[in-house]
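Colleague: The structure file start.cif (mmCIF, C-alpha atoms) is provided below.
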```
data_input
#
loop_
_atom_site.group_PDB
_atom_site.id
_atom_site.type_symbol
_atom_site.label_atom_id
_atom_site.label_comp_id
_atom_site.auth_asym_id
_atom_site.auth_seq_id
_atom_site.Cartn_x
_atom_site.Cartn_y
_atom_site.Cartn_z
ATOM 1 C CA MET A 1 -3.263 6.149 11.957
ATOM 2 C CA MET A 2 -6.521 7.917 12.654
ATOM 3 C CA LEU A 3 -9.255 8.368 10.062
ATOM 4 C CA TRP A 4 -9.613 12.162 10.476
ATOM 5 C CA GLU A 5 -10.306 14.661 13.238
ATOM 6 C CA HIS A 6 -13.537 15.966 11.716
ATOM 7 C CA PHE A 7 -15.244 14.780 8.557
ATOM 8 C CA ASP A 8 -15.831 18.072 6.778
ATOM 9 C CA LYS A 9 -15.022 19.985 3.579
ATOM 10 C CA ASN A 10 -11.439 18.774 3.089
ATOM 11 C CA GLU A 11 -12.439 15.101 3.306
ATOM 12 C CA ILE A 12 -15.412 15.663 0.978
ATOM 13 C CA TYR A 13 -13.148 17.548 -1.467
ATOM 14 C CA ILE A 14 -10.639 14.679 -1.498
ATOM 15 C CA LEU A 15 -13.374 12.090 -2.068
ATOM 16 C CA VAL A 16 -14.912 14.111 -4.919
ATOM 17 C CA MET A 17 -11.489 14.606 -6.517
ATOM 18 C CA LEU A 18 -10.774 10.869 -6.211
ATOM 19 C CA VAL A 19 -14.044 10.044 -7.992
ATOM 20 C CA VAL A 20 -13.314 12.553 -10.765
ATOM 21 C CA ALA A 21 -9.680 11.498 -11.196
ATOM 22 C CA TYR A 22 -10.268 7.747 -11.209
ATOM 23 C CA SER A 23 -13.332 8.101 -13.431
ATOM 24 C CA ALA A 24 -11.124 9.904 -15.926
ATOM 25 C CA PHE A 25 -8.486 7.210 -15.499
ATOM 26 C CA PHE A 26 -10.955 4.452 -16.284
ATOM 27 C CA PHE A 27 -12.971 6.168 -19.007
ATOM 28 C CA PHE A 28 -10.226 7.868 -21.047
ATOM 29 C CA PRO A 29 -9.036 5.673 -23.914
ATOM 30 C CA LYS A 30 -6.038 3.600 -22.891
ATOM 31 C CA LYS A 31 -2.864 4.698 -24.654
ATOM 32 C CA LEU A 32 -0.083 3.479 -22.404
ATOM 33 C CA PRO A 33 1.153 -0.078 -21.831
ATOM 34 C CA ARG A 34 0.032 -1.609 -18.552
ATOM 35 C CA GLN A 35 3.547 -1.601 -17.110
ATOM 36 C CA ILE A 36 3.948 2.125 -17.713
ATOM 37 C CA THR A 37 0.467 2.866 -16.381
ATOM 38 C CA ILE A 38 1.187 1.079 -13.119
ATOM 39 C CA LEU A 39 4.696 2.511 -12.861
ATOM 40 C CA PHE A 40 3.591 6.115 -13.174
ATOM 41 C CA LEU A 41 0.604 5.671 -10.866
ATOM 42 C CA VAL A 42 3.118 4.475 -8.278
ATOM 43 C CA TRP A 43 5.476 7.310 -9.302
ATOM 44 C CA GLY A 44 2.774 9.889 -8.499
ATOM 45 C CA PHE A 45 2.018 8.185 -5.182
ATOM 46 C CA ALA A 46 5.696 7.936 -4.245
ATOM 47 C CA SER A 47 6.682 11.485 -5.179
ATOM 48 C CA SER A 48 3.785 13.036 -3.231
ATOM 49 C CA THR A 49 4.584 10.794 -0.247
ATOM 50 C CA PHE A 50 8.259 11.706 -0.464
ATOM 51 C CA PHE A 51 7.661 15.467 -0.443
ATOM 52 C CA ASP A 52 4.931 15.339 2.197
ATOM 53 C CA PHE A 53 7.118 13.384 4.590
ATOM 54 C CA THR A 54 10.292 15.350 3.796
ATOM 55 C CA ILE A 55 9.293 19.018 3.585
ATOM 56 C CA GLY A 56 5.751 18.633 4.911
ATOM 57 C CA GLY A 57 6.821 16.849 8.071
ATOM 58 C CA GLY A 58 9.814 16.007 10.226
ATOM 59 C CA LEU A 59 12.308 18.768 10.909
ATOM 60 C CA LEU A 60 11.122 21.097 8.099
ATOM 61 C CA ASP A 61 7.349 20.660 8.601
ATOM 62 C CA PHE A 62 6.480 23.408 6.095
ATOM 63 C CA TYR A 63 2.843 22.435 5.772
ATOM 64 C CA LYS A 64 0.083 20.465 7.417
ATOM 65 C CA VAL A 65 -2.100 18.172 5.371
ATOM 66 C CA ASN A 66 -5.778 17.872 6.332
ATOM 67 C CA ASP A 67 -6.841 18.147 9.970
ATOM 68 C CA SER A 68 -3.598 17.641 11.861
ATOM 69 C CA ASN A 69 0.138 17.022 11.676
ATOM 70 C CA HIS A 70 -0.571 13.363 12.443
ATOM 71 C CA TYR A 71 -1.007 10.729 9.756
ATOM 72 C CA GLU A 72 -4.675 10.377 8.822
ATOM 73 C CA LEU A 73 -6.562 8.152 6.389
ATOM 74 C CA SER A 74 -7.453 11.300 4.443
ATOM 75 C CA ASP A 75 -3.713 11.981 3.981
ATOM 76 C CA LEU A 76 -3.306 8.507 2.493
ATOM 77 C CA LEU A 77 -6.231 9.216 0.147
ATOM 78 C CA THR A 78 -4.464 12.350 -1.165
ATOM 79 C CA TYR A 79 -1.513 10.161 -2.197
ATOM 80 C CA PHE A 80 -3.889 7.957 -4.194
ATOM 81 C CA LEU A 81 -5.091 11.169 -5.840
ATOM 82 C CA PHE A 82 -1.539 12.215 -6.700
ATOM 83 C CA ALA A 83 -1.035 8.783 -8.245
ATOM 84 C CA THR A 84 -3.437 9.806 -11.028
ATOM 85 C CA PHE A 85 -1.472 13.035 -11.625
ATOM 86 C CA GLY A 86 1.657 10.952 -12.232
ATOM 87 C CA TYR A 87 -0.271 8.849 -14.740
ATOM 88 C CA PHE A 88 -1.941 11.764 -16.524
ATOM 89 C CA PHE A 89 1.374 13.626 -16.852
ATOM 90 C CA VAL A 90 2.699 10.748 -18.958
ATOM 91 C CA TYR A 91 -0.663 10.095 -20.624
ATOM 92 C CA PHE A 92 -0.968 13.618 -22.010
ATOM 93 C CA TYR A 93 2.770 13.656 -22.710
ATOM 94 C CA GLU A 94 2.000 10.994 -25.314
ATOM 95 C CA ARG A 95 -1.414 12.318 -26.423
ATOM 96 C CA LEU A 96 0.053 15.775 -27.116
ATOM 97 C CA HIS A 97 3.208 14.298 -28.714
ATOM 98 C CA ILE A 98 5.530 16.250 -26.456
ATOM 99 C CA ASN A 99 9.019 16.619 -27.913
ATOM 100 C CA LYS A 100 12.087 18.735 -27.087
ATOM 101 C CA LYS A 101 10.462 21.899 -28.449
ATOM 102 C CA ARG A 102 7.280 21.479 -26.417
ATOM 103 C CA PHE A 103 8.776 20.005 -23.237
ATOM 104 C CA ILE A 104 9.391 23.281 -21.423
ATOM 105 C CA PHE A 105 5.881 24.566 -22.162
ATOM 106 C CA TYR A 106 4.379 21.239 -21.077
ATOM 107 C CA VAL A 107 6.162 21.322 -17.725
ATOM 108 C CA LEU A 108 5.242 24.996 -17.241
ATOM 109 C CA GLY A 109 1.616 24.166 -18.020
ATOM 110 C CA TRP A 110 1.526 21.394 -15.467
ATOM 111 C CA THR A 111 3.237 23.656 -12.921
ATOM 112 C CA ILE A 112 0.476 26.243 -13.368
ATOM 113 C CA VAL A 113 -2.136 23.506 -12.979
ATOM 114 C CA GLY A 114 -0.345 22.278 -9.868
ATOM 115 C CA LEU A 115 -0.263 25.748 -8.315
ATOM 116 C CA ILE A 116 -3.969 26.266 -9.023
ATOM 117 C CA MET A 117 -4.815 22.877 -7.507
ATOM 118 C CA GLU A 118 -2.692 23.692 -4.460
ATOM 119 C CA ARG A 119 -4.483 27.034 -4.022
ATOM 120 C CA ILE A 120 -7.848 25.270 -4.231
ATOM 121 C CA SER A 121 -6.602 22.656 -1.766
ATOM 122 C CA GLY A 122 -5.767 25.481 0.609
ATOM 123 C CA TRP A 123 -9.285 26.930 0.335
ATOM 124 C CA MET A 124 -10.764 23.465 0.904
ATOM 125 C CA GLY A 125 -8.699 22.916 4.050
ATOM 126 C CA VAL A 126 -6.419 20.198 2.662
ATOM 127 C CA THR A 127 -3.153 22.138 2.923
ATOM 128 C CA PHE A 128 -2.073 24.590 5.626
ATOM 129 C CA TYR A 129 1.292 26.329 5.349
ATOM 130 C CA GLN A 130 3.539 26.545 8.389
ATOM 131 C CA HIS A 131 6.890 28.041 9.391
ATOM 132 C CA GLY A 132 6.904 30.702 6.702
ATOM 133 C CA TYR A 133 6.131 28.491 3.724
ATOM 134 C CA LYS A 134 4.266 30.179 0.854
ATOM 135 C CA LEU A 135 2.584 28.975 -2.326
ATOM 136 C CA PRO A 136 5.305 30.357 -4.682
ATOM 137 C CA TYR A 137 7.843 28.025 -3.028
ATOM 138 C CA SER A 138 5.892 25.118 -4.497
ATOM 139 C CA VAL A 139 7.028 26.261 -7.964
ATOM 140 C CA ALA A 140 10.390 24.647 -7.171
ATOM 141 C CA VAL A 141 8.687 21.409 -6.132
ATOM 142 C CA PHE A 142 6.463 21.199 -9.201
ATOM 143 C CA LEU A 143 9.244 22.074 -11.631
ATOM 144 C CA THR A 144 11.545 19.487 -10.041
ATOM 145 C CA VAL A 145 8.982 16.681 -9.929
ATOM 146 C CA GLN A 146 7.567 17.249 -13.385
ATOM 147 C CA THR A 147 10.897 17.749 -15.121
ATOM 148 C CA THR A 148 12.209 14.615 -13.447
ATOM 149 C CA THR A 149 9.066 12.689 -14.446
ATOM 150 C CA GLY A 150 9.309 13.792 -18.063
ATOM 151 C CA LEU A 151 13.031 13.127 -18.368
ATOM 152 C CA TYR A 152 12.769 9.751 -16.624
ATOM 153 C CA TYR A 153 9.921 8.728 -18.921
ATOM 154 C CA GLU A 154 12.081 9.622 -21.934
ATOM 155 C CA PHE A 155 14.929 7.606 -20.397
ATOM 156 C CA ILE A 156 12.669 4.575 -19.955
ATOM 157 C CA LYS A 157 11.366 4.911 -23.519
ATOM 158 C CA GLN A 158 14.930 4.834 -24.835
ATOM 159 C CA LYS A 159 16.089 1.930 -22.672
ATOM 160 C CA GLN A 160 13.003 -0.222 -23.081
ATOM 161 C CA LYS A 161 11.166 0.417 -26.311
ATOM 162 C CA ILE A 162 7.596 1.243 -25.363
ATOM 163 C CA GLN A 163 4.608 0.659 -27.586
ATOM 164 C CA ILE A 164 2.093 3.485 -27.481
ATOM 165 C CA THR A 165 -1.412 3.010 -28.854
ATOM 166 C CA HIS A 166 -2.261 5.869 -31.212
ATOM 167 C CA MET B 1 31.004 12.861 10.293
ATOM 168 C CA SER B 2 27.677 10.986 10.205
ATOM 169 C CA PHE B 3 26.585 12.914 7.126
ATOM 170 C CA ALA B 4 29.864 12.095 5.353
ATOM 171 C CA ILE B 5 29.563 8.387 6.180
ATOM 172 C CA LEU B 6 25.950 8.086 5.103
ATOM 173 C CA PHE B 7 26.514 10.197 2.006
ATOM 174 C CA PHE B 8 29.408 7.906 1.097
ATOM 175 C CA LEU B 9 27.213 4.834 1.653
ATOM 176 C CA ALA B 10 24.417 6.337 -0.460
ATOM 177 C CA TRP B 11 26.917 7.068 -3.227
ATOM 178 C CA LEU B 12 28.488 3.614 -2.944
ATOM 179 C CA VAL B 13 25.286 1.603 -3.109
ATOM 180 C CA THR B 14 24.000 3.738 -6.000
ATOM 181 C CA ALA B 15 27.289 3.345 -7.864
ATOM 182 C CA ILE B 16 27.227 -0.439 -7.316
ATOM 183 C CA PHE B 17 23.707 -0.579 -8.689
ATOM 184 C CA VAL B 18 24.629 1.523 -11.730
ATOM 185 C CA VAL B 19 27.701 -0.552 -12.672
ATOM 186 C CA MET B 20 26.401 -4.026 -11.848
ATOM 187 C CA LYS B 21 24.894 -6.283 -14.458
ATOM 188 C CA LYS B 22 21.169 -6.092 -13.927
ATOM 189 C CA GLU B 23 18.787 -9.014 -14.190
ATOM 190 C CA VAL B 24 15.732 -6.779 -13.904
ATOM 191 C CA SER B 25 14.413 -4.270 -16.453
ATOM 192 C CA ILE B 26 14.518 -0.521 -15.814
ATOM 193 C CA VAL B 27 10.727 -0.405 -15.355
ATOM 194 C CA GLU B 28 10.774 -3.263 -12.845
ATOM 195 C CA ASN B 29 13.734 -1.781 -10.956
ATOM 196 C CA THR B 30 12.001 1.584 -10.778
ATOM 197 C CA PHE B 31 8.761 -0.005 -9.583
ATOM 198 C CA VAL B 32 10.534 -1.927 -6.812
ATOM 199 C CA PHE B 33 12.428 1.210 -5.785
ATOM 200 C CA LEU B 34 9.241 3.278 -5.560
ATOM 201 C CA ILE B 35 7.276 0.638 -3.646
ATOM 202 C CA SER B 36 10.190 0.206 -1.227
ATOM 203 C CA LEU B 37 10.437 3.967 -0.801
ATOM 204 C CA ILE B 38 6.711 4.264 -0.039
ATOM 205 C CA VAL B 39 6.848 1.463 2.540
ATOM 206 C CA ILE B 40 10.043 2.759 4.185
ATOM 207 C CA ILE B 41 8.764 6.349 4.426
ATOM 208 C CA ASN B 42 5.386 5.317 5.834
ATOM 209 C CA PHE B 43 6.850 2.813 8.290
ATOM 210 C CA SER B 44 9.513 5.250 9.493
ATOM 211 C CA TRP B 45 6.925 7.980 10.034
ATOM 212 C CA ILE B 46 4.583 5.729 11.968
ATOM 213 C CA ILE B 47 7.375 4.286 14.156
ATOM 214 C CA ILE B 48 9.076 7.635 14.808
ATOM 215 C CA GLU B 49 6.425 10.377 14.715
ATOM 216 C CA GLU B 50 3.265 8.498 15.636
ATOM 217 C CA MET B 51 4.305 5.675 17.966
ATOM 218 C CA LYS B 52 7.494 7.384 19.226
ATOM 219 C CA LEU B 53 9.369 4.070 19.409
ATOM 220 C CA ILE B 54 12.458 5.749 17.971
ATOM 221 C CA VAL B 55 13.611 9.307 18.562
ATOM 222 C CA LEU B 56 14.981 11.191 15.584
ATOM 223 C CA THR B 57 17.717 13.786 15.703
ATOM 224 C CA LYS B 58 16.843 17.498 15.736
ATOM 225 C CA SER B 59 20.187 18.426 14.172
ATOM 226 C CA GLY B 60 19.896 19.584 10.567
ATOM 227 C CA ILE B 61 22.948 17.787 9.213
ATOM 228 C CA ASN B 62 22.091 14.532 11.028
ATOM 229 C CA TYR B 63 18.512 14.778 9.810
ATOM 230 C CA THR B 64 19.828 15.076 6.251
ATOM 231 C CA ALA B 65 21.878 11.927 6.877
ATOM 232 C CA TYR B 66 18.692 10.179 8.044
ATOM 233 C CA LEU B 67 16.932 11.261 4.835
ATOM 234 C CA LEU B 68 19.789 9.750 2.815
ATOM 235 C CA ASP B 69 19.388 6.467 4.694
ATOM 236 C CA ARG B 70 15.600 6.392 4.387
ATOM 237 C CA SER B 71 15.323 7.582 0.789
ATOM 238 C CA ILE B 72 18.437 6.249 -0.949
ATOM 239 C CA ILE B 73 20.483 3.697 1.004
ATOM 240 C CA LEU B 74 17.693 1.316 2.031
ATOM 241 C CA PRO B 75 15.775 1.266 -1.299
ATOM 242 C CA MET B 76 18.976 0.972 -3.345
ATOM 243 C CA LEU B 77 20.235 -1.890 -1.141
ATOM 244 C CA LEU B 78 16.985 -3.683 -1.885
ATOM 245 C CA LEU B 79 17.491 -3.162 -5.624
ATOM 246 C CA VAL B 80 21.074 -4.444 -5.506
ATOM 247 C CA GLN B 81 19.926 -7.455 -3.506
ATOM 248 C CA LEU B 82 17.070 -8.218 -5.913
ATOM 249 C CA ASN B 83 19.353 -8.160 -8.939
ATOM 250 C CA LEU B 84 21.917 -10.359 -7.153
ATOM 251 C CA LEU B 85 19.239 -12.803 -6.012
ATOM 252 C CA LEU B 86 17.905 -13.269 -9.518
ATOM 253 C CA LYS B 87 21.413 -13.977 -10.772
ATOM 254 C CA SER B 88 22.073 -16.635 -8.110
ATOM 255 C CA PRO B 89 21.484 -20.223 -9.213
ATOM 256 C CA THR B 90 21.541 -21.934 -5.811
ATOM 257 C CA VAL B 91 19.433 -21.617 -2.678
ATOM 258 C CA ALA B 92 22.577 -21.426 -0.527
ATOM 259 C CA LYS B 93 23.843 -18.432 -2.454
ATOM 260 C CA ARG B 94 20.471 -16.716 -2.187
ATOM 261 C CA ILE B 95 20.369 -17.248 1.570
ATOM 262 C CA LEU B 96 23.865 -15.799 1.788
ATOM 263 C CA ILE B 97 22.808 -12.724 -0.203
ATOM 264 C CA ILE B 98 19.755 -12.202 2.015
ATOM 265 C CA PHE B 99 21.894 -12.568 5.127
ATOM 266 C CA CYS B 100 24.616 -10.206 3.847
ATOM 267 C CA THR B 101 22.041 -7.580 2.880
ATOM 268 C CA LEU B 102 20.505 -7.851 6.327
ATOM 269 C CA ILE B 103 23.918 -7.377 7.943
ATOM 270 C CA VAL B 104 24.642 -4.294 5.811
ATOM 271 C CA MET B 105 21.237 -2.791 6.644
ATOM 272 C CA LEU B 106 21.750 -3.450 10.345
ATOM 273 C CA GLY B 107 25.226 -1.974 10.040
ATOM 274 C CA VAL B 108 23.827 1.265 8.618
ATOM 275 C CA SER B 109 21.252 1.286 11.401
ATOM 276 C CA PHE B 110 24.046 0.786 13.936
ATOM 277 C CA VAL B 111 25.955 3.752 12.484
ATOM 278 C CA SER B 112 22.789 5.893 12.758
ATOM 279 C CA ASN B 113 22.466 4.913 16.391
ATOM 280 C CA GLN B 114 26.115 5.543 17.185
ATOM 281 C CA PHE B 115 25.887 9.106 15.834
ATOM 282 C CA ASN B 116 22.530 9.706 17.554
ATOM 283 C CA ILE B 117 20.733 10.179 14.262
ATOM 284 C CA THR B 118 18.199 7.707 15.623
ATOM 285 C CA ILE B 119 17.833 6.698 19.246
ATOM 286 C CA PHE B 120 15.938 3.509 20.073
ATOM 287 C CA LYS B 121 13.455 4.169 22.860
ATOM 288 C CA ARG B 122 11.133 1.181 22.671
ATOM 289 C CA TRP B 123 12.830 -0.427 19.691
ATOM 290 C CA ASN B 124 15.872 -2.669 19.180
ATOM 291 C CA PHE B 125 17.987 -4.345 16.540
ATOM 292 C CA VAL B 126 15.879 -7.521 16.606
ATOM 293 C CA TYR B 127 12.793 -5.534 15.555
ATOM 294 C CA GLU B 128 14.962 -3.681 13.072
ATOM 295 C CA GLY B 129 16.127 -7.023 11.618
ATOM 296 C CA ILE B 130 12.562 -8.293 11.292
ATOM 297 C CA TYR B 131 11.584 -5.031 9.582
ATOM 298 C CA PHE B 132 14.468 -5.313 7.113
ATOM 299 C CA LEU B 133 13.568 -8.927 6.300
ATOM 300 C CA LEU B 134 9.968 -7.861 5.661
ATOM 301 C CA LEU B 135 11.254 -5.072 3.406
ATOM 302 C CA GLN B 136 13.228 -7.619 1.422
ATOM 303 C CA LEU B 137 10.091 -9.750 1.028
ATOM 304 C CA ILE B 138 8.074 -6.709 -0.093
ATOM 305 C CA ALA B 139 10.745 -5.788 -2.641
ATOM 306 C CA PHE B 140 10.853 -9.325 -4.019
ATOM 307 C CA TYR B 141 7.090 -9.677 -4.322
ATOM 308 C CA SER B 142 6.785 -6.197 -5.860
ATOM 309 C CA TYR B 143 9.128 -7.402 -8.565
ATOM 310 C CA LYS B 144 7.053 -10.583 -9.022
ATOM 311 C CA LEU B 145 3.894 -8.502 -9.333
ATOM 312 C CA MET B 146 5.346 -6.215 -11.979
ATOM 313 C CA LYS B 147 6.750 -9.207 -13.851
ATOM 314 C CA LYS B 148 3.294 -10.811 -13.867
ATOM 315 C CA VAL B 149 1.669 -7.585 -15.088
ATOM 316 C CA SER B 150 4.081 -7.213 -17.951
ATOM 317 C CA GLY B 151 3.694 -10.868 -18.814
ATOM 318 C CA GLY B 152 7.463 -11.079 -19.030
ATOM 319 C CA VAL B 153 7.313 -9.493 -22.483
ATOM 320 C CA VAL B 154 8.962 -6.278 -23.542
ATOM 321 C CA GLU B 155 6.809 -4.461 -26.037
ATOM 322 C CA TYR B 156 8.512 -3.045 -29.094
ATOM 323 C CA SER B 157 7.431 -0.032 -31.052
#
```
Taking this structure as input, can you express it in the form of structure tokens?

Modeller:
Amino acid sequence: MMLWEHFDKNEIYILVMLVVAYSAFFFFPKKLPRQITILFLVWGFASSTFFDFTIGGGLLDFYKVNDSNHYELSDLLTYFLFATFGYFFVYFYERLHINKKRFIFYVLGWTIVGLIMERISGWMGVTFYQHGYKLPYSVAVFLTVQTTTGLYYEFIKQKQKIQITH
Amino acid sequence: MSFAILFFLAWLVTAIFVVMKKEVSIVENTFVFLISLIVIINFSWIIIEEMKLIVLTKSGINYTAYLLDRSIILPMLLLVQLNLLLKSPTVAKRILIIFCTLIVMLGVSFVSNQFNITIFKRWNFVYEGIYFLLLQLIAFYSYKLMKKVSGGVVEYS
């Protein structure tokens, strides 16, 4: 794995976003049990890795992340960034008391946030579309990931009673 | 044919996991699955795309079969193994479970090779076996880590 091809705006953007995201992670009041915190950090990391190496590489190769199609350290850092998105999805799910009535709006809200972040990532040179891929196609990815995350969190809450700090 | 076989194996191992009596909580199982998935995806990419030790099929249907192996069969086998290991009282039984899991994983790898889903260029089944044993260790210690974090206590609302 190489570090990067050139250390420029995309690497700086990722580093700044990591500082912002993990600062928020550490400074926001803790509401979730430690197990759930760790699980959904890993969930965010795993889901971004899964999509990047499935549709963003291999036979489909719909987008390039950072400087090249090879695996760089800066790519790995983006997965650590996505880890915080997995956590914050569940964090705000609890803070905003999301229920059946609000679930659809919550997922739609996060999808809009995701699309905006992806557009910014494009401007900052983190994501480059290939082979006809366009930003609107990511709607399917965001809806799938976020709906799955929300439903799986509800499933875990039912199976293993979770104590939330209010 | 390869897609049908691997889809069947993915279904089978998932079904076994769903119906078996589990010794591990849903959170711990999920954590082990995700960690295994991350390791498998990263390792596969580095071995195939970066180091070119294995050549991957360019056929769409065979590539889908490979995705099933990478993303479902291997992680779910590790989950089934973990739950069986924790249920086993004796060292002999645990060694047998580890060995059987290794054989099944190598068997799936063999099927992939036979159908040219993966072609070993500078790789072989010995390396594959070592990799699978390391995966089993990673899965086990991921579970131990999560268990330690939770303190072994389920919190009730």

Colleague: Which chain A residues are at most 9 Å from chain B (counting all atoms listed in the file), as a list of chain:residue names?

Modeller: A:Met1, A:Pro33, A:Arg34, A:Gln35, A:Ile36, A:Ile38, A:Leu39, A:Phe40, A:Val42, A:Trp43, A:Phe45, A:Ala46, A:Ser47, A:Thr49, A:Phe50, A:Phe53, A:Thr54, A:Gly58, A:Leu59, A:His70, A:Tyr71, A:Ile156, A:Lys159, A:Gln160, A:Lys161, A:Ile162, A:Gln163, A:Ile164

Colleague: Using only C-alpha atoms, pick whichever of A:Phe85, A:Phe128, A:Tyr79, A:Tyr63 has the shortest atom-to-atom distance to Thr37 (chain A).

Modeller: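 Checking each of A:Phe85, A:Phe128, A:Tyr79, A:Tyr63 against Thr37 (chain A), counting only C-alpha atoms, the winner is A:Phe85.
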
Colleague: Using the chain letters and numbers from the file, which residues does the PyMOL selection byres ((chain B and resi 84) around 9) grab, as a list in words?

Modeller: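 This file, filtered by the PyMOL selection byres ((chain B and resi 84) around 9), leaves Lys21, Lys22, Glu23, Leu79, Val80, Gln81, Leu82, Asn83, Leu85, Leu86, Lys87, Ser88, Arg94 and Ile97 of chain B.
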
Colleague: If we draw a sphere of 12 Å around (14.8, 3.9, 21.6), which residues have at least one atom in it when counting all atoms listed in the file? Please report them as JSON, numbers by chain.

Modeller: {"B": [47, 48, 51, 52, 53, 54, 55, 56, 57, 113, 116, 117, 118, 119, 120, 121, 122, 123, 124, 125, 127, 128]}

Colleague: Just give me the gap between CA of Asn62 (chain B) and CA of Phe62 (chain A) in Å, one decimal is fine.

Modeller: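 CA of Phe62 (chain A) lies 18.6 Å from CA of Asn62 (chain B).
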
Colleague: Any chance you could work out the residue set of the PyMOL selection byres ((chain A and resi 87) around 8) here, as a ChimeraX atom specification?

Modeller: /A:37,40-41,44,83-86,88-91

Colleague: From the options B:Leu145, B:Val126, B:Ile138, B:Ala92, which residue's atoms come nearest to Pro75 (chain B), counting all atoms listed in the file?

Modeller: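 Among the listed residues, B:Ile138 lies closest to Pro75 (chain B).
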
Colleague: Which residue is closest to Ile130 (chain B)? Choose from B:Ile103, B:Val108, B:Ala15, B:Ile73 and count all atoms listed in the file.

Modeller: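 Distance minimum relative to Ile130 (chain B) lands on B:Ile103.
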
Colleague: Report as lines of an AutoDock Vina configuration file the centre and the edge lengths, in Å to one decimal, of the axis-aligned box holding every listed atom of region 60-69 of chain B, padded by 4 Å on each side.

Modeller:
```
center_x = 19.9
center_y = 13.0
center_z = 6.9
size_x = 14.0
size_y = 21.1
size_z = 16.2
```

Colleague: With all atoms listed in the file as the counted atoms, please give the residues lying no more than 9 Å from Thr78 (chain A), apart from itself and same-chain residues fewer than 4 positions off, as an MDAnalysis selection string.

Modeller: chainID A and resid 14:15 18 45 48 73:74 82:83 126

Colleague: What does the distance from CA of Leu115 (chain A) to CA of Lys134 (chain A) come to in Å, to one decimal?

Modeller: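 CA of Lys134 (chain A) lies at a distance of 11.1 Å from CA of Leu115 (chain A).
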
Colleague: Out of B:Ala4, B:Val13, B:Val111, B:Val18, which residue has the shortest atom-to-atom distance to Leu74 (chain B) when counting all atoms listed in the file?

Modeller: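 Ranking B:Ala4, B:Val13, B:Val111, B:Val18 by distance to Leu74 (chain B), first place goes to B:Val13.
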
Colleague: Show which residues sit within 10 Å of Ile5 (chain B), as a list in words. Count all atoms listed in the file, and ignore same-chain residues fewer than 3 positions away.

Modeller: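 Counting all atoms listed in the file, the residues come to Met1, Ser2, Phe8, Leu9, Ala10, Trp11, Ala65, Val108, Val111 and Ser112 of chain B.
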
Colleague: So how far away is CA of Ser109 (chain B) from CA of Asp61 (chain A), in Å?

Modeller: 24.0 Å
